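Data file: work14.csv. Format and content: CSV, C-alpha atoms.
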chain,number,residue,atom,x,y,z
N,130,MET,CA,151.0,-24.7,146.0
N,131,VAL,CA,151.5,-28.2,147.4
N,132,PHE,CA,154.9,-29.2,148.7
N,133,ALA,CA,155.6,-32.9,148.7
N,134,ALA,CA,157.6,-34.2,151.6
N,135,PRO,CA,160.8,-36.0,150.4
N,136,VAL,CA,160.6,-39.8,150.4
N,137,PHE,CA,163.7,-41.4,151.6
N,138,ALA,CA,164.4,-44.6,149.7
N,139,GLY,CA,167.5,-45.6,151.6
N,140,LYS,CA,169.5,-45.0,154.8
N,141,LEU,CA,173.2,-44.8,154.5
N,142,ALA,CA,175.5,-45.1,157.6
N,143,ILE,CA,179.2,-44.2,157.3
N,144,VAL,CA,181.7,-45.3,159.9
N,145,ILE,CA,185.4,-44.1,159.9
N,146,ASP,CA,187.7,-46.6,161.6
N,147,ASP,CA,191.2,-46.4,163.1
N,148,PHE,CA,190.5,-43.2,165.2
N,149,GLY,CA,193.1,-42.3,167.8
N,150,TYR,CA,196.3,-42.1,165.9
N,151,ARG,CA,196.0,-39.1,163.5
N,152,PRO,CA,194.2,-36.2,165.2
N,153,HIS,CA,194.7,-33.8,162.3
N,154,ASN,CA,192.9,-36.0,159.8
N,155,GLU,CA,190.4,-37.2,162.4
N,156,ASN,CA,189.4,-33.6,163.2
N,157,GLN,CA,188.5,-33.1,159.5
N,158,VAL,CA,186.1,-36.1,159.8
N,159,LEU,CA,184.6,-34.6,163.0
N,160,ALA,CA,183.9,-31.4,161.0
N,161,MET,CA,181.6,-33.4,158.7
N,162,PRO,CA,177.9,-34.0,159.4
N,163,ALA,CA,177.2,-35.5,162.9
N,164,ALA,CA,175.7,-38.6,161.3
N,165,ILE,CA,179.2,-39.8,160.4
N,166,SER,CA,180.3,-42.2,163.1
N,167,VAL,CA,183.8,-43.0,164.3
N,168,ALA,CA,185.4,-46.2,165.6
N,169,VAL,CA,188.3,-45.7,168.1
N,170,LEU,CA,191.2,-48.1,168.6
N,171,PRO,CA,191.2,-48.5,172.4
N,172,ASN,CA,195.0,-48.6,172.8
N,173,ALA,CA,195.7,-45.7,170.4
N,174,PRO,CA,197.6,-42.7,172.0
N,175,HIS,CA,194.7,-40.3,171.4
N,176,ALA,CA,191.8,-42.7,172.0
N,177,ARG,CA,190.2,-41.0,175.0
N,178,GLU,CA,190.7,-37.5,173.5
N,179,MET,CA,189.2,-38.3,170.1
N,180,ALA,CA,186.3,-40.3,171.5
N,181,THR,CA,185.4,-37.5,173.8
N,182,LYS,CA,185.7,-34.9,171.1
N,183,ALA,CA,183.6,-37.0,168.7
N,184,HIS,CA,180.8,-37.4,171.3
N,185,ASN,CA,180.9,-33.7,172.1
N,186,THR,CA,180.4,-32.8,168.4
N,187,GLY,CA,177.4,-35.2,168.1
N,188,HIS,CA,179.1,-38.2,166.4
N,189,GLU,CA,178.3,-41.8,167.4
N,190,VAL,CA,181.3,-43.5,169.0
N,191,LEU,CA,182.3,-47.2,168.5
N,192,ILE,CA,185.2,-49.2,169.9
N,193,HIS,CA,187.3,-50.5,167.1
N,194,LEU,CA,188.6,-53.7,168.8
N,195,PRO,CA,191.6,-55.5,167.4
N,196,MET,CA,190.8,-59.2,166.6
N,197,ALA,CA,193.1,-61.9,165.3
N,198,PRO,CA,193.5,-62.0,161.4
N,199,ILE,CA,194.1,-65.1,159.4
N,200,SER,CA,197.2,-63.5,157.8
N,201,LYS,CA,200.5,-63.3,159.7
N,202,GLN,CA,201.1,-59.7,160.7
N,203,PRO,CA,202.0,-57.6,163.8
N,204,LEU,CA,199.1,-57.4,166.2
N,205,GLU,CA,197.9,-54.5,168.4
N,206,LYS,CA,198.0,-54.9,172.1
N,207,ASP,CA,195.1,-56.9,173.5
N,208,THR,CA,194.1,-58.4,170.2
N,209,LEU,CA,191.3,-60.9,170.7
N,210,ARG,CA,192.1,-64.5,169.8
N,211,PRO,CA,189.7,-67.5,169.6
N,212,ASP,CA,191.7,-69.5,172.2
N,213,MET,CA,191.4,-66.9,174.9
N,214,SER,CA,189.4,-67.6,177.9
N,215,SER,CA,186.1,-65.9,178.6
N,216,ASP,CA,187.7,-64.1,181.5
N,217,GLU,CA,190.5,-62.7,179.3
N,218,ILE,CA,188.1,-61.6,176.6
N,219,GLU,CA,185.9,-59.9,179.2
N,220,ARG,CA,189.0,-58.1,180.7
N,221,ILE,CA,190.1,-56.8,177.3
N,222,ILE,CA,186.6,-55.5,176.5
N,223,ARG,CA,186.3,-53.9,179.9
N,224,THR,CA,189.6,-52.1,179.4
N,225,ALA,CA,188.4,-51.0,175.9
N,226,VAL,CA,185.2,-49.6,177.4
N,227,ASP,CA,187.2,-47.7,179.9
N,228,ASN,CA,189.6,-46.3,177.2
N,229,VAL,CA,186.9,-45.3,174.8
N,230,PRO,CA,184.3,-43.2,176.6
N,231,TYR,CA,180.7,-42.7,175.2
N,232,ALA,CA,181.0,-45.9,173.0
N,233,VAL,CA,177.6,-47.4,172.2
N,234,GLY,CA,178.9,-50.1,169.9
N,235,LEU,CA,181.9,-52.1,168.9
N,236,ASN,CA,183.3,-53.3,165.5
N,237,ASN,CA,186.3,-55.5,164.7
N,238,HIS,CA,189.7,-54.3,163.5
N,239,MET,CA,191.0,-57.0,161.2
N,240,GLY,CA,189.7,-60.2,162.8
N,241,SER,CA,189.1,-62.9,160.1
N,242,ALA,CA,190.4,-65.7,162.3
N,243,MET,CA,188.4,-64.5,165.3
N,244,THR,CA,185.1,-63.6,163.6
N,245,SER,CA,185.0,-66.9,161.7
N,246,ASN,CA,185.3,-68.9,164.9
N,247,LEU,CA,181.9,-69.6,166.5
N,248,PHE,CA,183.2,-70.4,170.0
N,249,GLY,CA,185.4,-67.4,170.1
N,250,MET,CA,182.7,-65.1,169.0
N,251,GLN,CA,180.2,-66.6,171.6
N,252,LYS,CA,182.7,-65.5,174.3
N,253,VAL,CA,182.8,-62.0,172.8
N,254,MET,CA,179.0,-61.7,172.6
N,255,GLN,CA,178.6,-62.8,176.2
N,256,ALA,CA,181.0,-60.1,177.3
N,257,LEU,CA,179.3,-57.4,175.1
N,258,ALA,CA,175.9,-58.3,176.6
N,259,ARG,CA,177.2,-56.9,180.0
N,260,TYR,CA,177.9,-53.5,178.5
N,261,ASP,CA,174.8,-53.0,176.3
N,262,LEU,CA,177.0,-52.6,173.2
N,263,TYR,CA,175.9,-53.5,169.7
N,264,PHE,CA,178.3,-55.2,167.3
N,265,LEU,CA,179.0,-53.9,163.9
N,266,ASP,CA,180.5,-56.7,161.9
N,267,SER,CA,183.2,-55.3,159.6
N,268,MET,CA,182.8,-58.5,157.5
N,269,THR,CA,186.5,-59.0,156.9
N,270,ILE,CA,185.6,-62.6,156.1
N,271,GLY,CA,182.5,-63.8,154.3
N,272,ASN,CA,181.7,-66.7,156.8
N,273,SER,CA,181.6,-64.5,159.9
N,274,GLN,CA,180.0,-66.2,162.9
N,275,ALA,CA,179.1,-63.0,164.7
N,276,MET,CA,175.3,-63.1,164.1
N,277,ARG,CA,175.1,-66.8,164.9
N,278,ALA,CA,177.2,-66.3,168.1
N,279,ALA,CA,174.9,-63.4,169.3
N,280,THR,CA,171.8,-65.7,169.4
N,281,GLY,CA,170.3,-65.7,172.9
N,282,THR,CA,172.7,-62.9,174.2
N,283,GLY,CA,170.5,-59.9,173.4
N,284,VAL,CA,173.4,-58.3,171.5
N,285,LYS,CA,172.3,-56.6,168.2
N,286,VAL,CA,174.5,-57.3,165.2
N,287,ILE,CA,174.6,-55.2,162.0
N,288,LYS,CA,176.9,-55.8,159.0
N,289,ARG,CA,179.1,-53.7,156.8
N,290,LYS,CA,178.2,-53.7,153.2
N,291,VAL,CA,180.9,-51.6,151.5
N,292,PHE,CA,184.6,-50.7,152.2
N,293,LEU,CA,185.1,-47.2,150.9
N,294,ASP,CA,188.9,-47.2,150.6
N,295,ASP,CA,190.4,-50.6,149.9
N,296,THR,CA,192.7,-48.4,147.8
N,297,GLN,CA,193.5,-44.8,148.4
N,298,ASN,CA,192.8,-43.8,144.8
N,299,GLU,CA,190.1,-41.1,144.9
N,300,ALA,CA,188.3,-42.4,141.8
N,301,ASP,CA,188.0,-45.9,143.4
N,302,ILE,CA,186.7,-44.3,146.6
N,303,ARG,CA,184.1,-42.3,144.7
N,304,ARG,CA,183.0,-45.5,143.0
N,305,GLN,CA,182.7,-47.3,146.3
N,306,PHE,CA,180.7,-44.4,147.8
N,307,ASN,CA,178.3,-44.6,144.8
N,308,ARG,CA,178.0,-48.3,145.3
N,309,ALA,CA,177.0,-47.8,149.0
N,310,VAL,CA,174.4,-45.3,147.9
N,311,GLU,CA,172.9,-47.8,145.4
N,312,LEU,CA,172.8,-50.6,148.0
N,313,ALA,CA,171.1,-48.3,150.4
N,314,ARG,CA,168.5,-47.4,147.8
N,315,ARG,CA,168.0,-51.0,146.7
N,316,ASN,CA,168.0,-52.7,150.2
N,317,GLY,CA,166.6,-49.8,152.3
N,318,SER,CA,169.9,-49.4,154.2
N,319,ALA,CA,173.6,-49.9,153.9
N,320,ILE,CA,176.7,-49.4,156.1
N,321,ALA,CA,180.0,-48.2,154.6
N,322,ILE,CA,183.3,-48.2,156.4
N,323,GLY,CA,186.3,-46.0,155.6
N,324,HIS,CA,189.5,-44.7,157.2
N,325,PRO,CA,190.8,-41.2,158.0
N,326,HIS,CA,193.1,-41.2,154.9
N,327,PRO,CA,193.5,-37.8,153.3
N,328,SER,CA,192.1,-39.2,150.0
N,329,THR,CA,189.0,-40.6,151.8
N,330,VAL,CA,188.5,-37.3,153.7
N,331,ARG,CA,188.6,-35.4,150.4
N,332,VAL,CA,186.1,-37.7,148.7
N,333,LEU,CA,183.7,-37.4,151.6
N,334,GLN,CA,184.0,-33.6,151.7
N,335,GLN,CA,183.1,-33.5,148.0
N,336,MET,CA,180.3,-36.1,147.9
N,337,LEU,CA,178.4,-35.7,151.2
N,338,PRO,CA,177.0,-32.3,150.2
N,339,THR,CA,175.7,-33.8,146.9
N,340,LEU,CA,174.0,-36.9,148.5
N,341,PRO,CA,170.9,-37.8,146.4
N,342,PRO,CA,167.7,-36.5,147.9
N,343,ASP,CA,166.3,-40.0,148.4
N,344,ILE,CA,169.2,-41.1,150.6
N,345,THR,CA,169.5,-40.0,154.2
N,346,LEU,CA,172.6,-40.2,156.3
N,347,VAL,CA,172.1,-42.0,159.6
N,348,ARG,CA,174.1,-43.4,162.5
N,349,PRO,CA,174.6,-47.1,162.5
N,350,GLY,CA,172.9,-47.4,165.9
N,351,SER,CA,169.6,-46.4,164.2
N,352,LEU,CA,169.8,-49.5,162.0
N,353,LEU,CA,169.7,-52.0,164.8
N,354,ASN,CA,166.1,-53.0,164.0
N,355,GLU,CA,166.6,-53.2,160.3
N,356,PRO,CA,166.2,-56.8,158.8
N,357,GLN,CA,169.5,-58.7,158.9
N,358,VAL,CA,170.2,-61.8,156.9
N,359,ASP,CA,172.7,-64.3,158.3
N,360,THR,CA,174.4,-65.9,155.3
N,361,SER,CA,177.1,-67.8,157.3
N,362,THR,CA,177.4,-71.5,157.6
N,363,PRO,CA,178.2,-73.1,161.0
N,364,ASN,CA,181.9,-73.2,161.9
N,365,ARG,CA,182.2,-75.2,165.1
N,366,THR,CA,186.0,-75.7,164.9
N,367,LEU,CA,187.3,-75.5,168.5
N,368,PRO,CA,190.3,-73.3,169.2
N,369,LYS,CA,193.4,-75.3,169.8
N,370,ASN,CA,193.4,-74.8,173.5
N,371,ASP,CA,189.7,-75.9,173.8
N,372,ALA,CA,189.9,-79.0,171.6
N,373,PRO,CA,189.7,-82.4,173.4
N,374,ARG,CA,193.2,-83.7,174.2
N,375,ASN,CA,194.2,-86.9,172.4
N,376,PRO,CA,195.8,-89.1,175.1
N,377,PHE,CA,197.7,-91.1,172.4
N,378,GLN,CA,199.1,-88.1,170.6
N,379,THR,CA,202.6,-88.5,172.0
N,380,VAL,CA,202.7,-92.3,172.3
N,381,LYS,CA,205.2,-93.8,169.9
N,382,ILE,CA,204.3,-97.0,168.0
N,383,CYS,CA,206.8,-99.8,168.8
N,384,LYS,CA,207.8,-101.5,165.6
N,385,PRO,CA,209.3,-105.0,165.7
N,386,LYS,CA,213.0,-105.2,164.8
N,387,LYS,CA,212.5,-108.5,163.0
N,388,PRO,CA,209.5,-109.7,160.9
N,389,LEU,CA,207.0,-111.6,163.1
N,390,ALA,CA,207.0,-115.4,162.7
N,391,PRO,CA,203.7,-116.9,161.2
N,392,VAL,CA,201.4,-118.5,163.8
N,393,ASN,CA,200.2,-122.1,163.1
N,394,ALA,CA,196.4,-122.3,162.9
N,395,VAL,CA,196.1,-125.0,165.5
N,396,LYS,CA,198.2,-123.0,168.0
N,397,PHE,CA,196.2,-119.9,167.2
N,398,PHE,CA,192.9,-121.6,168.1
N,399,ASP,CA,194.5,-123.2,171.2
N,400,VAL,CA,195.6,-119.7,172.4
N,401,LEU,CA,192.2,-118.2,171.5
N,402,GLY,CA,190.4,-121.0,173.4
N,403,GLU,CA,192.6,-120.6,176.4
N,404,SER,CA,192.0,-116.8,176.4
N,405,ILE,CA,188.2,-117.3,176.2
N,406,LYS,CA,188.3,-119.9,179.0
N,407,GLN,CA,190.2,-117.5,181.3
N,408,SER,CA,188.0,-114.5,180.5
N,409,THR,CA,186.0,-112.8,183.2
N,410,LEU,CA,182.7,-113.5,181.5
N,411,ILE,CA,183.3,-117.2,181.3
N,412,SER,CA,184.5,-117.3,184.9
N,413,TYR,CA,181.3,-115.5,185.9
N,414,PHE,CA,179.1,-118.0,184.2
N,415,GLN,CA,181.1,-120.9,185.6
N,416,HIS,CA,180.6,-119.6,189.2
N,417,GLN,CA,176.9,-119.0,188.5
N,418,TRP,CA,176.5,-122.5,187.2
N,419,GLN,CA,178.3,-124.1,190.1
N,420,GLY,CA,176.2,-122.1,192.6
N,421,TRP,CA,173.0,-123.0,190.7
N,422,ASP,CA,174.0,-126.7,190.6
N,423,LYS,CA,174.6,-126.7,194.4
N,424,SER,CA,171.4,-124.9,195.0
N,425,MET,CA,169.4,-127.4,193.0
N,426,GLY,CA,171.1,-130.3,194.9
N,427,ALA,CA,170.2,-128.7,198.2
N,428,ARG,CA,166.6,-128.3,197.1
N,429,GLY,CA,166.4,-132.0,196.1
N,430,ILE,CA,167.6,-133.1,199.6
N,431,ASN,CA,165.0,-130.8,201.3
N,432,ALA,CA,162.2,-132.1,199.0
N,433,ASN,CA,163.1,-135.7,199.9
N,434,ALA,CA,163.1,-134.9,203.6
N,435,ASP,CA,159.6,-133.4,203.3

Starting from the coordinates I provided, produce the structure as structure tokens.
Amino acid sequence: MVFAAPVFAGKLAIVIDDFGYRPHNENQVLAMPAAISVAVLPNAPHAREMATKAHNTGHEVLIHLPMAPISKQPLEKDTLRPDMSSDEIERIIRTAVDNVPYAVGLNNHMGSAMTSNLFGMQKVMQALARYDLYFLDSMTIGNSQAMRAATGTGVKVIKRKVFLDDTQNEADIRRQFNRAVELARRNGSAIAIGHPHPSTVRVLQQMLPTLPPDITLVRPGSLLNEPQVDTSTPNRTLPKNDAPRNPFQTVKICKPKKPLAPVNAVKFFDVLGESIKQSTLISYFQHQWQGWDKSMGARGINANAD
């Protein structure tokens, strides 16, 4: 009897965000297969505890770093903004690395305003390069500049393909899970991101054991060398604090109190002629001409003397 080895058509990575706030739900995630990865909010009350526990149970750990969204909403402490200096961004990332032990990568929490800003993301990538962390782009906005910003830094960028739980309806989550499976099968790999909601946990508990045989569950870190396509267009808008200052921005225009009297054409040309006559350029040529005239006169005298 010949046994055929299974052929894996696609690799599926699942990352559960927002770890560090709800240990009860998060412990249920950690009881799932070790290939399920977790992203820990660095300033969450249980950040260090859950990162350590995830690592000890074989799960890959990422830092889930807050970044500025386009929408107006309350922000987490140390949310990255495009107008921050490189030093401030490096400080926040260093603190996050300290708060989330065993992290091998980082992904953005919210962040549409930040990830769509090329200059802001270049500062992020330069900081990440010091820590040997990869960047998982949560793709909260289509025109993310993360991959473009990483050019030349050595930072590897991978991209989320599916959000599992935009709603907490179990039927919707199952549909999104199946979509992630199909994308993994079609493209060779796919990354899905979810959250430790009870409904998401229940769907994963039901569907992971029945994963199709041609799909293998992997850690996102194993996809760093998979082909990545940058579909962004350049966004070189400078953050407000970095934009060149307009020196005339606060200068008020003086408006005449009365309508200006018309200027006679003869007077106009007289004034124009006088201005030209007194200009630096005309004065220069006059002096040159006078000097040249004197020089020629002196040469004539010397020639006659010879």

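The space between CA of Leu235 (chain N) and CA of Val332 (chain N) spans 25.2 Å.
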
#### Entry: Nearest residue to His193 (chain N) from the set N:Leu265, N:Leu352, N:Met250, N:Ala142 (distances using all atoms listed in the file)
N:Leu265

### Task
Please return, as a list of chain:residue names, all polymer residues that have at least one atom within 12 Å of the point (191.7, -33.5, 171.5); use only C-alpha atoms and the file's own coordinate frame.
N:Phe148, N:Gly149, N:Tyr150, N:Arg151, N:Pro152, N:His153, N:Glu155, N:Asn156, N:Leu159, N:Pro174, N:His175, N:Ala176, N:Arg177, N:Glu178, N:Met179, N:Ala180, N:Thr181, N:Lys182, N:Ala183, N:His184, N:Asn185, N:Thr186

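In this structure, CA of Ser361 (chain N) sits 7.4 Å away from CA of Gly271 (chain N).
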
Under the rule of at most 10 Å, produce a per-residue listing of region 331-367 of chain N near region 281-297 of chain N: chain, number, name, the closest pair of atoms, and the distance in Å, as JSON lines, using only C-alpha atoms.
{"residue": "N:Val332", "atom": "CA", "partner": "N:Leu293", "partner_atom": "CA", "distance": 9.8}
{"residue": "N:Leu333", "atom": "CA", "partner": "N:Leu293", "partner_atom": "CA", "distance": 9.9}
{"residue": "N:Pro349", "atom": "CA", "partner": "N:Ile287", "partner_atom": "CA", "distance": 8.1}
{"residue": "N:Gly350", "atom": "CA", "partner": "N:Ile287", "partner_atom": "CA", "distance": 8.9}
{"residue": "N:Leu352", "atom": "CA", "partner": "N:Ile287", "partner_atom": "CA", "distance": 7.5}
{"residue": "N:Leu353", "atom": "CA", "partner": "N:Lys285", "partner_atom": "CA", "distance": 6.3}
{"residue": "N:Asn354", "atom": "CA", "partner": "N:Lys285", "partner_atom": "CA", "distance": 8.3}
{"residue": "N:Glu355", "atom": "CA", "partner": "N:Ile287", "partner_atom": "CA", "distance": 8.4}
{"residue": "N:Pro356", "atom": "CA", "partner": "N:Ile287", "partner_atom": "CA", "distance": 9.1}
{"residue": "N:Gln357", "atom": "CA", "partner": "N:Ile287", "partner_atom": "CA", "distance": 6.9}
{"residue": "N:Val358", "atom": "CA", "partner": "N:Lys288", "partner_atom": "CA", "distance": 9.2}
{"residue": "N:Asp359", "atom": "CA", "partner": "N:Lys288", "partner_atom": "CA", "distance": 9.5}

Using the selection just defined, write its residues with C-alpha atoms as an mmCIF file, in the frame of the given file.
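Just written: again_10.cif:
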data_model
loop_
_atom_site.group_PDB
_atom_site.id
_atom_site.type_symbol
_atom_site.label_atom_id
_atom_site.label_comp_id
_atom_site.auth_asym_id
_atom_site.auth_seq_id
_atom_site.Cartn_x
_atom_site.Cartn_y
_atom_site.Cartn_z
ATOM 1 C CA VAL N 332 186.100 -37.700 148.700
ATOM 2 C CA LEU N 333 183.700 -37.400 151.600
ATOM 3 C CA PRO N 349 174.600 -47.100 162.500
ATOM 4 C CA GLY N 350 172.900 -47.400 165.900
ATOM 5 C CA LEU N 352 169.800 -49.500 162.000
ATOM 6 C CA LEU N 353 169.700 -52.000 164.800
ATOM 7 C CA ASN N 354 166.100 -53.000 164.000
ATOM 8 C CA GLU N 355 166.600 -53.200 160.300
ATOM 9 C CA PRO N 356 166.200 -56.800 158.800
ATOM 10 C CA GLN N 357 169.500 -58.700 158.900
ATOM 11 C CA VAL N 358 170.200 -61.800 156.900
ATOM 12 C CA ASP N 359 172.700 -64.300 158.300
#

### Message
Need to verify the contact set: region 342-346 of chain N, 9 Å, all atoms listed in the file, exclusion of same-chain residues closer than 6 positions in sequence. Can you return it as a ChimeraX atom specification?
### Response
/N:135-143,162,164-165,310,313-314
